[in-house]
Amino acid sequence: MTEKIRKPYYITTAIAYTSGKPHIGNTYEIVLADSIARFRREEGYDVRFQTGTDEHGQKIELKAAEAGITPKEFVDRTAGEIRRIWDLMNTSYDRFIRTTDSDHEAQVQKIFKKLYDQGDIYKGYYEGWYCTPCESFWTESQLVDGKCPDCGRPVQKAREEAYFFKMSKYAPRLIDYINEHPEFIQPVSRKNEMMNNFLLPGLQDLCVSRTSFTWGIPVSFDPRHVTYVWLDALTNYITGIGFDTDGNHGDLYRKYWPADLHLIGKDIIRFHTIYWPIFLMALGEPLPKQVFGHPWLLLGKGKMSKSKGNVIYADDLVDLFGVDAVRYFVLHEMPFENDGVITWDLMTERMNSDLANILGNLVKRTISMTNKYFGGVVENRGAAEEVDEDLKKTVLEAVQTAITKMGELRVADALTAIFDIFRRSNKYIDETCPWVLAKDEAGQDRLATVMYNLTESITIGASMLASFMPETSEKILSQLNTQKRTLDEMKEFGLYPNGTKVVEDPETLFARADINEIHKKVEVIEAKQREEAEKAAETEKEVAKLGESSDSEDASGNSDAVVDVEKKAEIVYDDFAKVQLRVGKIIACEAVKKSKKLLCSKVQIGSEVKQILSGIHQFYEPEEMVGKQVVVVTNLAPRTMAGLQSEGMLLCAEDAEGNLALLKPEKDMPAGAEIG
């Protein structure tokens, strides 16, 4: 017999940025992708499912310096934590790619060189507004109230040498493609946003390299530059399956590309539906078939943010409710297009109503009654009544509805349809009253048929659940002593084998959660998070105190020493008011290779980070600088020193012998506090 050839299906998630532990809003995407991948396998596709981590960029470099470790050590640790969460959530990915993987880095360098050689990339200077958290450049017109349009944080003026990609060259071709392929960007509202806000007004050329930091993939022919995040990160979708710039593609690439579905958050849809397809056009490669920009999972009414302290983590939820309960919640509570909401109370409500009552209670009651009335043996004796037909109709229609909804990526609707099977089954128990039938000897055939119909309905529903709640599906089918049905088999009612014996002691699938107990446990979780945050803050303070004793005295150790200097011309208040002085915190520092005097410091000032060069190496070692609070002139025009750009000045005092000491606030102040 010839084996049926399975059609390939390639699905990817966005790769998670390794700046920290993913919260439940980040985790939702991998669970969503996993449910789609599992369902496509049920439909007979040969699925390739890829996820991973995005590990380069200025933010990582700064966070690593702040943690006192190398960027590679930092991303190794964070990528490991992300993968742990993905595995905890029982996701069935085939490859977890990291942008620090050697095969990926080698291809990124080759891709950059190819695009440069064919004239799509050119060298120039970038001068505009830069958002460090988003690692994005913006024009003046793109800013919203003078801030980053994506995250709302302050931006800083930046100018540096960079390579640019000629976006405008391919824009007309992309516009035509989107118009000719209405399924390419989903939901449709995302397509309209991309067309009206970005493509139709005209694309600007895209910065694809940076020189102000070093943690990235070096440009092979100009190693002062590192590849900018989007040209690096986006190409993972092809490098991870064996793409080769020279055309020597691996078997996986030839089999699976173009991707059937890129699943990403709505906040990064611009990069995936404009930048990414244009990169592919320039490489001469096919475009992915569909990009779906899913909505956010919000905490209450706001977006989850570690900086706001309103974060819920997947592992904390799992500890309280279990893996499949969390999977059910995030899949069921997310609409197709609008944002979903998660709270501890809402999670508890769903646990008790949908999982414990509707599903868990149904399974346990059915198995318990089968054991009580028939010694656990399930048998269809053909004593049918009209109500049976309505049950069968509901079950089979729910299967078809779920299949249709999954084809439209309406996962929440598909899950609702499956639970309609369990809701209807519970109603069927109330309609048939097995406990009443059991009292009448003449009603035994009817009772057996009712128990069979319930067992069959649960078998079909549990089989459908396998893509969404795999462990629960397996547990239910095991207790019914049967196998998971194929989708084709689930289109027919009555395949449960007559005479099968169910388990004697049914397991409680989901225990009801006590909301008061949940609140107590949440208080412990939140207290632990606060404690960890306080410890991190204390560590920063300790670092800031390093060398404090030497700072408080002059070089001779005499705090009463005085120095007379030549007075400068008198100024008026308006002259002084032009200078902006702010408190800064040094989060990274290194010696400048081309100079014996200069130190290059990364200074956090409010929500931005400035690079400042200071001729103080004779008096301070780089590691001694990290953690110090300093006084910074923040509105000094940038200038180049030893080939590096300096964006401000650290103020120092100088004694009679020329020894320098950094000025700092008398007590700890917030980074960015204004001095005046």
# chains A, B, ... in the order shown; residues from 1 in each chain; ligands from 1
>>> closest_atom_pairs(of="segment 250-270 of chain A", to="segment 24-43 of chain A", cutoff="10 Å", atoms="only C-alpha atoms", output="Markdown table")
| residue | atom | partner | partner_atom | distance |
| --- | --- | --- | --- | --- |
| A:Leu261 | CA | A:Ala33 | CA | 9.4 |
| A:His262 | CA | A:Ala33 | CA | 9.2 |
| A:Leu263 | CA | A:Ala33 | CA | 6.8 |
| A:Ile264 | CA | A:Glu29 | CA | 7.2 |
| A:Gly265 | CA | A:Glu29 | CA | 7.6 |
>>> write_last_selection(atoms="N, CA, C and O atoms", output="PDB file, in the first residue's frame")
ATOM      1  N   LEU A 261       2.755  30.156   7.645  1.00  0.00           N
ATOM      2  CA  LEU A 261       2.241  31.125   8.612  1.00  0.00           C
ATOM      3  C   LEU A 261       3.355  31.658   9.501  1.00  0.00           C
ATOM      4  O   LEU A 261       4.061  30.888  10.154  1.00  0.00           O
ATOM      5  N   HIS A 262       3.517  32.982   9.503  1.00  0.00           N
ATOM      6  CA  HIS A 262       4.311  33.684  10.517  1.00  0.00           C
ATOM      7  C   HIS A 262       3.321  34.206  11.555  1.00  0.00           C
ATOM      8  O   HIS A 262       2.480  35.059  11.248  1.00  0.00           O
ATOM      9  N   LEU A 263       3.424  33.714  12.773  1.00  0.00           N
ATOM     10  CA  LEU A 263       2.536  34.160  13.848  1.00  0.00           C
ATOM     11  C   LEU A 263       3.304  35.139  14.725  1.00  0.00           C
ATOM     12  O   LEU A 263       4.344  34.798  15.300  1.00  0.00           O
ATOM     13  N   ILE A 264       2.799  36.374  14.819  1.00  0.00           N
ATOM     14  CA  ILE A 264       3.537  37.428  15.523  1.00  0.00           C
ATOM     15  C   ILE A 264       2.562  38.344  16.267  1.00  0.00           C
ATOM     16  O   ILE A 264       1.369  38.350  15.980  1.00  0.00           O
ATOM     17  N   GLY A 265       3.087  39.122  17.207  1.00  0.00           N
ATOM     18  CA  GLY A 265       2.268  40.098  17.909  1.00  0.00           C
ATOM     19  C   GLY A 265       1.978  41.294  17.023  1.00  0.00           C
ATOM     20  O   GLY A 265       2.767  41.657  16.151  1.00  0.00           O
TER      21      GLY A 265
END
>>> residues_around(residues="Lys405 of chain A", least_positions_apart="4", cutoff="12 Å", atoms="only C-alpha atoms", output="number ranges by chain")
A: 36, 39, 336, 398-401, 409-418
>>> atom_distance(atom1="atom CA of Val609 of chain A", atom2="atom CA of Arg270 of chain A")
25.4 Å
>>> residues_around(residues="Gln444 of chain A", least_positions_apart="4", cutoff="10 Å", atoms="only C-alpha atoms", output="VMD selection string")
chain A and resid 373 to 374 381 383 434 437 to 440 448 to 450
>>> write_last_selection(atoms="C-alpha atoms", output="mmCIF file, in the first residue's frame")
data_model
loop_
_atom_site.group_PDB
_atom_site.id
_atom_site.type_symbol
_atom_site.label_atom_id
_atom_site.label_comp_id
_atom_site.auth_asym_id
_atom_site.auth_seq_id
_atom_site.Cartn_x
_atom_site.Cartn_y
_atom_site.Cartn_z
ATOM 1 C CA TYR A 373 -24.757 0.747 36.793
ATOM 2 C CA PHE A 374 -22.820 -1.602 34.488
ATOM 3 C CA ARG A 381 -28.050 -1.446 23.118
ATOM 4 C CA ALA A 383 -32.572 1.971 22.736
ATOM 5 C CA PRO A 434 -29.719 8.112 34.301
ATOM 6 C CA LEU A 437 -33.602 4.985 34.554
ATOM 7 C CA ALA A 438 -31.445 2.902 36.891
ATOM 8 C CA LYS A 439 -34.402 2.331 39.228
ATOM 9 C CA ASP A 440 -36.478 0.683 36.509
ATOM 10 C CA ALA A 448 -26.914 1.606 28.671
ATOM 11 C CA THR A 449 -27.547 3.520 25.444
ATOM 12 C CA VAL A 450 -27.489 6.850 27.301
#
>>> residues_around(residues="segment 361-371 of chain A", least_positions_apart="6", cutoff="10 Å", atoms="only C-alpha atoms", output="ChimeraX atom specification")
/A:354-355,377-379,422-423,425-426,429,434-435,438,447-448,450-452,454-455,458-459,462,476,479-480,501-511
>>> closest_residue(among="A:Ile185, A:Ala642, A:Leu298, A:Ala513", to="Met334 of chain A", atoms="only C-alpha atoms")
A:Leu298
>>> residues_around(residues="segment 79-88 of chain A", least_positions_apart="3", cutoff="12 Å", atoms="only C-alpha atoms", output="number ranges by chain")
A: 13, 15-24, 26-34, 50-56, 60, 71-76, 91-101, 313-319, 322-324, 326-327
